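Trainee: Structure: target.cif, mmCIF, C-alpha atoms.
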data_input
#
loop_
_atom_site.label_atom_id
_atom_site.label_comp_id
_atom_site.auth_asym_id
_atom_site.auth_seq_id
_atom_site.Cartn_x
_atom_site.Cartn_y
_atom_site.Cartn_z
CA MET A 10 0.00 0.00 0.00
CA ALA A 11 1.37 3.40 -1.00
CA GLN A 12 2.19 5.69 1.82
CA LEU A 13 0.87 9.18 2.25
CA PRO A 14 3.17 12.22 2.16
CA LEU A 15 2.51 14.27 5.25
CA GLN A 16 3.78 17.78 5.92
CA PHE A 17 3.23 19.89 9.01
CA ARG A 18 5.12 22.12 11.39
CA LEU A 19 6.36 20.52 14.58
CA ASN A 20 7.57 22.88 17.29
CA GLY A 21 8.19 25.57 14.68
CA SER A 22 10.10 23.42 12.19
CA ASP A 23 8.78 21.97 8.93
CA VAL A 24 8.39 18.22 8.96
CA ALA A 25 7.81 15.96 5.93
CA VAL A 26 7.31 12.21 6.35
CA PHE A 27 5.51 9.31 4.72
CA ALA A 28 2.83 7.66 6.79
CA ASP A 29 0.24 4.92 6.43
CA GLU A 30 -3.19 6.32 5.65
CA ALA A 31 -4.72 5.52 9.02
CA ASP A 32 -1.67 6.17 11.17
CA ASN A 33 -2.39 8.12 14.30
CA LEU A 34 -0.43 11.25 15.07
CA LEU A 35 1.38 9.70 18.03
CA SER A 36 2.85 6.90 15.95
CA VAL A 37 4.01 9.42 13.35
CA LEU A 38 5.60 11.70 15.93
CA ARG A 39 7.40 8.90 17.73
CA GLY A 40 8.07 6.48 14.90
CA LYS A 41 8.57 8.68 11.86
CA VAL A 42 9.69 12.04 13.20
CA GLY A 43 11.56 10.86 16.29
CA ASP A 44 9.91 13.15 18.82
CA LEU A 45 9.69 10.86 21.84
CA THR A 46 8.21 13.39 24.26
CA PRO A 47 4.58 12.37 23.69
CA LYS A 48 4.17 8.95 25.31
CA PHE A 49 2.13 5.92 24.34
CA GLY A 50 -0.06 5.16 27.34
CA CYS A 51 -3.42 3.63 26.61
CA GLY A 52 -3.91 4.12 22.86
CA GLN A 53 -7.54 4.96 23.64
CA GLY A 54 -7.45 8.67 24.39
CA GLY A 55 -7.95 7.90 28.04
CA CYS A 56 -4.71 8.79 29.82
CA GLY A 57 -3.35 12.01 28.28
CA ALA A 58 0.28 10.82 28.10
CA CYS A 59 0.27 11.49 24.34
CA MET A 60 -1.12 15.03 24.56
CA VAL A 61 0.13 17.64 22.10
CA SER A 62 -1.29 20.90 20.76
CA VAL A 63 -2.56 21.33 17.21
CA ASP A 64 -3.01 24.94 16.14
CA GLY A 65 -2.93 25.89 19.80
CA LYS A 66 -5.55 23.41 20.98
CA THR A 67 -4.69 20.35 23.02
CA VAL A 68 -5.52 16.99 21.48
CA LEU A 69 -4.78 13.38 22.28
CA SER A 70 -2.40 12.33 19.55
CA CYS A 71 -3.07 8.59 19.88
CA VAL A 72 -6.65 9.10 18.66
CA THR A 73 -5.85 11.87 16.18
CA LEU A 74 -5.64 10.75 12.57
CA ALA A 75 -2.21 11.90 11.40
CA GLN A 76 -3.68 13.16 8.12
CA ASN A 77 -5.72 15.66 10.08
CA VAL A 78 -2.59 17.69 10.92
CA GLN A 79 -1.56 18.12 7.28
CA GLY A 80 -0.33 21.72 6.95
CA ARG A 81 -0.99 22.54 10.59
CA ASP A 82 1.10 23.55 13.60
CA VAL A 83 1.83 20.81 16.11
CA GLU A 84 3.52 21.50 19.43
CA SER A 85 4.79 18.82 21.79
CA LEU A 86 6.63 19.06 25.08
CA ALA A 87 9.86 19.26 23.08
CA GLY A 88 8.68 22.60 21.71
CA LEU A 89 8.18 24.17 25.11
CA SER A 90 11.81 24.21 26.11
CA GLY A 91 14.68 25.71 24.16
CA GLU A 92 18.06 26.50 25.64
CA GLN A 93 16.32 26.58 29.01
CA LEU A 94 13.66 24.39 30.51
CA ASP A 95 10.11 25.66 30.53
CA PRO A 96 9.32 27.00 34.03
CA LEU A 97 6.75 24.22 34.36
CA GLN A 98 9.47 21.62 33.86
CA THR A 99 11.58 23.26 36.53
CA ALA A 100 8.64 23.49 38.92
CA PHE A 101 7.76 19.83 38.33
CA MET A 102 11.33 18.83 39.19
CA ASP A 103 11.66 21.11 42.18
CA GLY A 104 8.24 20.21 43.55
CA PHE A 105 8.57 16.44 43.04
CA ALA A 106 5.60 16.57 40.68
CA ALA A 107 7.10 13.77 38.63
CA GLN A 108 7.88 10.34 39.96
CA CYS A 109 7.95 7.81 37.13
CA GLY A 110 7.58 10.77 34.76
CA TYR A 111 5.44 8.99 32.20
CA CYS A 112 2.51 11.38 32.49
CA THR A 113 4.71 14.47 32.77
CA PRO A 114 4.88 15.47 29.07
CA GLY A 115 1.09 15.40 28.78
CA MET A 116 0.65 17.17 32.10
CA ILE A 117 2.98 19.99 31.08
CA VAL A 118 1.39 20.39 27.64
CA ALA A 119 -2.02 20.62 29.33
CA ALA A 120 -0.71 23.04 31.96
CA ARG A 121 0.97 25.31 29.43
CA ALA A 122 -2.23 25.41 27.37
CA LEU A 123 -4.10 26.46 30.50
CA LEU A 124 -1.64 29.22 31.42
CA ARG A 125 -1.75 30.60 27.88
CA ARG A 126 -5.52 31.00 27.93
CA ASN A 127 -5.84 31.81 31.62
CA PRO A 128 -2.77 33.29 33.34
CA ASN A 129 -4.62 33.47 36.64
CA PRO A 130 -6.14 30.04 37.19
CA ASP A 131 -7.58 28.95 40.49
CA ARG A 132 -7.21 25.44 41.80
CA ASP A 133 -10.44 24.25 40.17
CA ASP A 134 -9.27 25.59 36.81
CA ILE A 135 -6.07 23.58 37.15
CA VAL A 136 -7.87 20.40 38.14
CA GLU A 137 -10.16 20.84 35.15
CA ALA A 138 -7.23 21.56 32.81
CA ILE A 139 -5.43 18.32 33.69
CA SER A 140 -8.57 16.21 33.81
CA ASP A 141 -7.62 14.42 30.58
CA ASN A 142 -4.36 13.32 32.19
CA LEU A 143 -3.87 10.36 34.49
CA CYS A 144 -1.04 10.14 37.03
CA ARG A 145 -0.58 6.93 38.98
CA CYS A 146 2.32 8.11 41.17
CA THR A 147 1.90 11.52 42.68
CA GLY A 148 -1.72 11.76 43.72
CA TYR A 149 -1.88 14.96 41.65
CA GLU A 150 -1.27 17.35 44.55
CA PRO A 151 2.37 18.18 43.69
CA ILE A 152 1.37 18.63 40.05
CA ILE A 153 -1.38 21.10 40.95
CA ASP A 154 0.98 22.91 43.32
CA ALA A 155 3.67 23.16 40.63
CA ILE A 156 1.24 24.65 38.12
CA GLN A 157 -0.06 27.13 40.70
CA LEU A 158 3.51 28.13 41.50
CA VAL A 159 4.37 28.79 37.86
CA ALA A 160 1.15 30.72 37.33
CA ALA A 161 2.06 32.96 40.26
CA GLN A 162 5.64 33.35 39.06
CA GLU A 163 4.57 34.30 35.56
CA ARG A 164 2.03 36.80 36.82
CA GLY A 165 4.81 38.33 38.86
CA THR A 166 7.06 38.41 35.83
CA ARG A 167 4.44 40.18 33.81
CA ALA A 168 3.45 42.61 36.52
CA MET R 12 -4.75 -5.06 8.32
CA THR R 13 -4.55 -1.85 6.35
CA VAL R 14 -7.23 0.76 6.82
CA GLN R 15 -7.83 3.14 3.93
CA VAL R 16 -8.86 6.76 4.30
CA SER R 17 -11.16 8.53 1.85
CA SER R 18 -11.14 12.31 2.01
CA LEU R 19 -14.26 13.84 0.50
CA SER R 20 -15.44 17.41 0.04
CA THR R 21 -19.17 17.00 0.56
CA VAL R 22 -21.22 15.26 3.17
CA ASP R 23 -23.57 13.84 0.51
CA SER R 24 -20.71 12.08 -1.27
CA ALA R 25 -19.66 10.66 2.09
CA ALA R 26 -23.20 9.39 2.67
CA ARG R 27 -23.13 7.60 -0.68
CA LEU R 28 -19.81 5.97 0.10
CA LEU R 29 -20.90 4.91 3.57
CA SER R 30 -24.11 3.35 2.27
CA SER R 31 -22.21 1.31 -0.33
CA ASP R 32 -19.38 0.07 1.92
CA LYS R 33 -20.34 -1.55 5.19
CA THR R 34 -16.75 -1.52 6.45
CA ALA R 35 -16.44 2.26 6.05
CA ARG R 36 -16.90 4.56 9.03
CA MET R 37 -17.33 8.31 9.19
CA LEU R 38 -14.51 9.93 11.16
CA GLY R 39 -15.54 12.83 13.37
CA GLY R 40 -13.18 13.83 16.16
CA GLY R 41 -11.80 10.31 16.37
CA THR R 42 -12.07 9.96 20.14
CA LEU R 43 -14.07 6.74 19.86
CA LEU R 44 -13.41 5.53 16.32
CA MET R 45 -9.62 5.80 16.41
CA GLN R 46 -9.58 3.58 19.49
CA ARG R 47 -11.03 0.83 17.33
CA VAL R 48 -8.63 1.54 14.49
CA ASN R 49 -5.68 1.43 16.89
CA ALA R 50 -6.95 -1.89 18.22
CA GLY R 51 -7.13 -3.34 14.70
CA ASP R 52 -10.91 -3.76 14.63
CA PRO R 53 -11.50 -5.98 11.59
CA GLY R 54 -14.90 -4.38 11.01
CA ILE R 55 -13.30 -1.12 9.94
CA ARG R 56 -11.55 -1.13 6.58
CA LYS R 57 -12.06 2.48 5.58
CA LEU R 58 -12.29 5.85 7.30
CA VAL R 59 -14.18 8.67 5.66
CA ARG R 60 -13.07 12.25 6.27
CA VAL R 61 -15.25 15.10 5.09
CA ASP R 62 -14.12 18.68 4.65
CA ASP R 63 -17.56 20.22 4.18
CA PRO R 64 -18.17 23.61 5.84
CA ALA R 65 -21.81 22.61 6.33
CA LEU R 66 -20.67 20.21 9.03
CA THR R 67 -19.26 22.97 11.20
CA ASP R 68 -21.99 25.60 10.72
CA ILE R 69 -23.78 26.92 13.78
CA SER R 70 -26.95 28.96 13.36
CA ALA R 71 -28.06 29.90 16.86
CA GLY R 72 -29.36 33.43 16.66
CA GLY R 73 -33.09 32.79 16.66
CA ALA R 74 -35.67 30.37 17.93
CA ASN R 75 -34.68 27.65 15.47
CA ILE R 76 -31.15 26.45 16.03
CA SER R 77 -29.06 24.35 13.68
CA ILE R 78 -25.72 22.88 14.68
CA GLY R 79 -23.50 21.02 12.21
CA ALA R 80 -22.60 17.48 13.19
CA GLY R 81 -18.88 18.30 13.03
CA VAL R 82 -19.07 21.02 15.67
CA THR R 83 -16.90 20.13 18.67
CA MET R 84 -17.84 20.32 22.32
CA SER R 85 -15.35 23.18 22.76
CA GLN R 86 -17.04 25.12 19.95
CA LEU R 87 -20.43 24.60 21.58
CA LEU R 88 -19.05 25.88 24.87
CA MET R 89 -17.84 29.07 23.20
CA LYS R 90 -21.38 29.97 22.09
CA PRO R 91 -23.23 31.82 24.86
CA GLU R 92 -26.47 31.53 22.90
CA LEU R 93 -26.21 27.75 23.34
CA GLU R 94 -25.86 27.99 27.11
CA PHE R 95 -28.67 25.48 27.61
CA LEU R 96 -26.37 22.80 26.12
CA HIS R 97 -23.28 23.73 28.11
CA SER R 98 -23.86 21.58 31.19
CA ALA R 99 -24.01 18.48 29.01
CA ALA R 100 -21.14 19.47 26.71
CA ARG R 101 -18.95 20.11 29.74
CA CYS R 102 -19.48 16.50 30.89
CA VAL R 103 -17.72 15.17 27.81
CA GLY R 104 -14.10 14.44 28.75
CA GLY R 105 -11.53 17.04 29.64
CA PRO R 106 -10.40 19.99 27.52
CA ALA R 107 -8.47 17.93 24.97
CA ILE R 108 -11.33 15.49 24.44
CA ARG R 109 -13.73 18.41 24.07
CA ASN R 110 -11.44 19.96 21.45
CA MET R 111 -11.86 16.78 19.43
CA ALA R 112 -15.25 15.23 20.22
CA THR R 113 -18.02 16.24 17.85
CA LEU R 114 -21.76 16.57 18.21
CA GLY R 115 -22.28 13.93 15.52
CA GLY R 116 -19.95 11.50 17.23
CA ASN R 117 -21.75 11.97 20.53
CA LEU R 118 -25.02 10.88 18.90
CA PHE R 119 -23.50 7.51 18.07
CA ALA R 120 -21.52 7.00 21.27
CA ARG R 121 -22.95 4.03 23.08
CA ALA R 122 -23.65 3.96 26.80
CA PRO R 123 -22.08 4.86 29.15
CA TYR R 124 -21.02 7.71 26.85
CA GLY R 125 -23.11 10.07 24.73
CA ASP R 126 -24.31 12.43 27.47
CA LEU R 127 -25.09 15.37 25.19
CA ALA R 128 -27.34 13.15 23.11
CA VAL R 129 -29.49 12.53 26.20
CA LEU R 130 -30.15 16.23 26.57
CA LEU R 131 -30.91 16.55 22.86
CA VAL R 132 -33.52 13.79 23.19
CA ALA R 133 -35.16 15.65 26.07
CA LEU R 134 -35.22 18.83 23.99
CA GLY R 135 -36.96 17.05 21.14
CA ALA R 136 -34.14 17.74 18.70
CA GLU R 137 -34.31 16.55 15.11
CA VAL R 138 -31.50 15.52 12.82
CA SER R 139 -30.99 16.34 9.15
CA LEU R 140 -29.54 13.32 7.39
CA ALA R 141 -27.04 13.53 4.56
CA GLY R 142 -27.79 11.96 1.20
CA GLN R 143 -31.51 12.47 1.62
CA SER R 144 -32.01 15.94 0.19
CA GLY R 145 -35.57 17.16 0.42
CA SER R 146 -36.45 14.71 3.15
CA ARG R 147 -37.78 15.99 6.45
CA PRO R 148 -35.55 15.97 9.51
CA VAL R 149 -36.21 13.00 11.77
CA ALA R 150 -36.69 12.92 15.54
CA ILE R 151 -33.37 12.25 17.19
CA GLU R 152 -34.66 9.24 19.12
CA ARG R 153 -35.42 7.55 15.80
CA LEU R 154 -31.66 7.37 15.25
CA PHE R 155 -31.35 5.11 18.24
CA GLU R 156 -34.05 2.70 17.12
CA ARG R 157 -32.07 1.48 14.13
CA SER R 158 -30.38 -1.70 15.21
CA GLY R 159 -28.51 -3.82 12.73
CA SER R 160 -28.66 -1.35 9.86
CA ALA R 161 -25.79 0.98 8.99
CA PRO R 162 -26.05 4.25 10.91
CA PRO R 163 -27.12 7.20 8.78
CA LEU R 164 -24.83 10.17 8.31
CA VAL R 165 -26.07 13.15 10.27
CA ARG R 166 -25.53 16.54 8.67
CA ALA R 167 -26.90 18.75 11.44
CA VAL R 168 -28.96 18.76 14.60
CA ASN R 169 -31.95 21.10 14.71
CA ILE R 170 -33.36 22.30 18.01
CA ARG R 171 -36.09 24.74 18.88
CA ARG R 172 -34.81 27.10 21.56
CA PRO R 173 -36.31 25.60 24.70
CA GLN R 174 -39.20 27.36 26.38
CA GLY R 175 -39.75 26.39 29.96
CA GLN R 176 -37.41 24.54 32.26
CA VAL R 177 -34.46 22.40 31.26
CA MET R 178 -32.54 20.22 33.69
CA PHE R 179 -29.51 18.06 32.97
CA HIS R 180 -27.87 15.84 35.55
CA LYS R 181 -25.23 13.18 35.23
CA MET R 182 -24.33 10.69 37.90
CA SER R 183 -20.90 9.15 37.59
CA ARG R 184 -18.35 7.63 39.92
CA MET R 185 -15.92 10.29 38.71
CA ASN R 186 -17.91 13.48 38.33
CA PRO R 187 -18.61 15.00 35.97
CA ARG R 188 -16.78 13.35 33.12
CA GLY R 189 -16.57 9.70 34.04
CA PRO R 190 -18.74 7.12 32.33
CA ALA R 191 -22.36 7.58 33.29
CA ILE R 192 -24.18 5.46 35.80
CA VAL R 193 -27.24 7.48 34.89
CA THR R 194 -27.69 10.61 32.85
CA LEU R 195 -30.96 12.45 33.22
CA ALA R 196 -32.33 15.28 31.10
CA ILE R 197 -35.73 16.88 31.59
CA HIS R 198 -37.60 19.48 29.57
CA LEU R 199 -40.83 20.75 31.10
CA ASP R 200 -43.08 23.11 29.17
CA GLN R 201 -45.65 24.56 31.58
CA SER R 202 -48.56 26.89 31.00
CA ALA R 203 -50.89 28.35 33.60
CA GLY R 204 -49.34 26.13 36.25
CA ARG R 205 -49.87 22.92 34.31
CA ILE R 206 -47.37 20.81 32.43
CA ARG R 207 -48.17 21.03 28.72
CA GLU R 208 -45.35 18.72 27.68
CA ALA R 209 -42.81 16.75 29.66
CA ARG R 210 -39.87 14.99 28.10
CA VAL R 211 -37.64 12.92 30.35
CA ALA R 212 -34.61 11.35 28.67
CA LEU R 213 -32.36 8.77 30.28
CA GLY R 214 -28.78 7.85 29.45
CA GLY R 215 -26.71 4.99 30.77
CA VAL R 216 -29.72 2.81 31.55
CA ALA R 217 -30.01 1.43 28.02
CA ASP R 218 -27.48 1.04 25.24
CA ARG R 219 -28.72 4.28 23.70
CA PRO R 220 -30.48 7.34 25.13
CA CYS R 221 -34.18 6.74 25.60
CA LEU R 222 -37.31 8.64 26.52
CA SER R 223 -39.13 7.72 29.68
CA MET R 224 -42.65 7.49 28.36
CA GLY R 225 -43.90 6.50 31.81
CA ALA R 226 -42.63 9.70 33.43
CA ALA R 227 -43.98 11.83 30.60
CA ARG R 228 -47.44 10.28 30.85
CA ALA R 229 -47.45 10.63 34.62
CA MET R 230 -46.81 14.38 34.38
CA GLY R 231 -48.95 15.27 31.37
CA ASN R 232 -51.48 18.04 32.01
CA SER R 233 -50.74 17.99 35.73
CA ARG R 234 -49.40 20.46 38.22
CA LEU R 235 -45.81 19.80 39.22
CA ASP R 236 -46.65 18.93 42.82
CA ASP R 237 -45.55 16.14 45.15
CA ALA R 238 -48.18 13.71 43.89
CA THR R 239 -47.19 14.25 40.26
CA ILE R 240 -43.52 13.86 41.11
CA GLU R 241 -44.19 10.57 42.89
CA ARG R 242 -46.20 9.26 39.92
CA ALA R 243 -43.39 10.24 37.55
CA VAL R 244 -40.76 8.57 39.74
CA THR R 245 -42.82 5.40 40.08
CA ASP R 246 -43.43 5.13 36.34
CA ALA R 247 -40.05 6.41 35.10
CA MET R 248 -38.58 3.00 34.34
CA ARG R 249 -41.78 1.40 33.04
CA GLY R 250 -40.92 -0.51 29.89
CA ILE R 251 -37.17 0.12 30.24
CA GLU R 252 -34.86 -2.76 31.13
CA PRO R 253 -31.84 -1.18 32.82
CA ARG R 254 -28.50 -2.50 31.69
CA THR R 255 -25.86 -4.05 33.91
CA ASP R 256 -22.19 -3.45 33.19
CA ALA R 257 -18.90 -3.04 35.04
CA ILE R 258 -19.95 0.43 36.21
CA ALA R 259 -23.28 -0.38 37.81
CA SER R 260 -25.91 -3.07 38.02
CA GLY R 261 -29.29 -2.65 36.40
CA TRP R 262 -30.90 -2.63 39.86
CA TYR R 263 -28.64 0.22 41.00
CA ARG R 264 -29.30 2.21 37.84
CA GLU R 265 -33.04 1.90 38.36
CA GLN R 266 -32.71 3.13 41.94
CA MET R 267 -30.55 6.03 40.81
CA VAL R 268 -33.01 7.08 38.12
CA GLN R 269 -35.70 7.29 40.76
CA VAL R 270 -33.56 9.14 43.31
CA HIS R 271 -32.24 11.70 40.85
CA LEU R 272 -35.53 12.18 39.02
CA ARG R 273 -37.26 12.92 42.32
CA ARG R 274 -34.56 15.42 43.28
CA ALA R 275 -34.58 17.09 39.88
CA LEU R 276 -38.35 17.45 39.68
CA THR R 277 -38.52 18.72 43.25
CA GLN R 278 -35.93 21.34 42.39
CA MET R 279 -37.81 22.29 39.22
CA ALA R 280 -40.99 22.65 41.27
CA GLY R 281 -39.16 25.15 43.44
CA GLY R 282 -38.95 22.85 46.42
#
Take the structure I supplied and represent it as structure tokens, if you would.

Mentor:
Amino acid sequence: MAQLPLQFRLNGSDVAVFADEADNLLSVLRGKVGDLTPKFGCGQGGCGACMVSVDGKTVLSCVTLAQNVQGRDVESLAGLSGEQLDPLQTAFMDGFAAQCGYCTPGMIVAARALLRRNPNPDRDDIVEAISDNLCRCTGYEPIIDAIQLVAAQERGTRA
Amino acid sequence: MTVQVSSLSTVDSAARLLSSDKTARMLGGGTLLMQRVNAGDPGIRKLVRVDDPALTDISAGGANISIGAGVTMSQLLMKPELEFLHSAARCVGGPAIRNMATLGGNLFARAPYGDLAVLLVALGAEVSLAGQSGSRPVAIERLFERSGSAPPLVRAVNIRRPQGQVMFHKMSRMNPRGPAIVTLAIHLDQSAGRIREARVALGGVADRPCLSMGAARAMGNSRLDDATIERAVTDAMRGIEPRTDAIASGWYREQMVQVHLRRALTQMAGG
């Protein structure tokens, strides 16, 4: 079966790969592009480990048809940090918000999406924002605290 | 097994393809269908994508509302004029799921999912089907009566802006977005203190959303008082065999319908 040429922007860079017609976005990112930051968790859109943003909106890449991102902007955890870590990454490390770390990429993508649309979230907003994401280690509290800390820091930075 | 993808520009051409190929499935947001593709479901050999602007149209300014089947839950939530749908749309997953999940997909999500569809049944919504130009829209509950035949392709959902009281309530072990034990939606149209029309829709209790005809009959042309509420609660599950699954037993679901219907109607009565 002929493969499909697929072009999109990943973390600001143009990407061109060949993919099977029904490949999901996660398998293309990990298997064809080599971005290993989105994780394969459940393959059912139920755990959030594979979360990325497409045109600024979070999606679950394991249940996103790869063809649907043709010509669009995809952002993964790898796109959030450049020379320096994203403040959320630092806060997750400092606050022990990651234990096994498997959920962390999805958590940080979800948290960054929240802080972009709402720089002043309350605790309920944060719980809601990470409600697509499962964590089996931390009990969520350190994650919520880390996101609240970064929100406060970034408000201070902007003030 | 290889799954093909057909990308089409009109919803009518998609309807033709779907009716001629029983292994083809319409792809909406993918939240349910891609799970099956990922799992290698042998019943799916082709996915159909449609890039038709008609599927994402929302006309919500007046009394007659039309919402394209490809509209996502997030898009619904951004429309203040569709506020009466927001409580149900908000129950669908978290933000990422809502960015993907479509109205059309929700109509075909089997229990314990498909919460928005329950509210649409209570509101007496109709659906416009693709590939049947000139035909009248059909009542949404008719969609759920088709067992065995290929599901039709929904172009849009049409709703009259509700007059009267609307109540939506979902009971889940992980509120509000877990799989439903019971989802309850009520639309009461009252005039001069009497109920002109009552529609009580239930989700989770059967494989698809269903109307409680017993509750509707019990409330028809009555005042919404304690006696009416008790009749509605007693008759709510008449003719409905509640399903048992890993989330709840049929017995528990029946009890929960009665508990939550009583609470909801009491609240609607101002009690």

Trainee: Would you mind telling me which residue in A:Asn142, A:Asn129, A:Gln79, A:Thr147 lies nearest to Ala161 in chain A when using all atoms listed in the file?

Mentor: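 For Ala161 in chain A, the nearest of the candidates is A:Asn129.
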
Trainee: Based on all atoms listed in the file, which of the residues in chain A come within 8 Å of chain R? I want them as a list in words.

Mentor: Glu30, Ala31, Asn33, Gly52, Gln53, Gly54, Met60, Lys66, Thr67, Val68, Leu69, Cys71, Val72, Thr73, Leu74, Glu137, Ala138, Ile139, Ser140 and Asp141 of chain A

Trainee: Can you pull out the residues contacting Pro151 in chain A? Cut-off 9 Å, using only C-alpha atoms, and skip same-chain residues under 5 positions away; I want them as a PDB file with C-alpha atoms, in the coordinates of the input.

Mentor:
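Saved to out08.pdb:
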ATOM      1  CA  PHE A 101       7.760  19.830  38.330  1.00  0.00           C
ATOM      2  CA  GLY A 104       8.240  20.210  43.550  1.00  0.00           C
ATOM      3  CA  PHE A 105       8.570  16.440  43.040  1.00  0.00           C
ATOM      4  CA  ALA A 106       5.600  16.570  40.680  1.00  0.00           C
ATOM      5  CA  ALA A 107       7.100  13.770  38.630  1.00  0.00           C
ATOM      6  CA  ILE A 156       1.240  24.650  38.120  1.00  0.00           C
TER       7      ILE A 156
END

Trainee: Work out how far CA of Pro53 in chain R is from CA of Pro47 in chain A, in Å to one decimal.

Mentor: 27.2 Å

Trainee: List the residues selected by the PyMOL selection byres ((chain R and resi 193) around 9) in the file shown, writing them as a PyMOL selection string.

Mentor: chain R and resi 123+180-183+190-192+194-195+213-216+264-265+267-268+271

Trainee: Which one of R:His198, R:Arg207, R:Arg249, R:Arg242 sits closest to Gly225 in chain R if you count all atoms listed in the file?

Mentor: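 Closest residue, counting all atoms listed in the file: R:Arg249.
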
Trainee: I would like the residues chosen by the PyMOL selection byres ((chain R and resi 139) around 9) on the shown file; could you give them as a VMD selection string?

Mentor: chain R and resid 137 to 138 140 to 141 143 146 to 149 164 to 169

Trainee: Please write as a list in words the full residue list that the PyMOL selection byres ((chain A and resi 131) around 12) yields on this file.

Mentor: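 Output from the PyMOL selection byres ((chain A and resi 131) around 12), applied to this file: Leu123, Leu124, Asn127, Pro128, Asn129, Pro130, Arg132, Asp133, Asp134, Ile135, Val136, Glu137, Ala138, Ile153, Asp154, Ile156, Gln157, Leu158, Ala160 and Ala161 of chain A.
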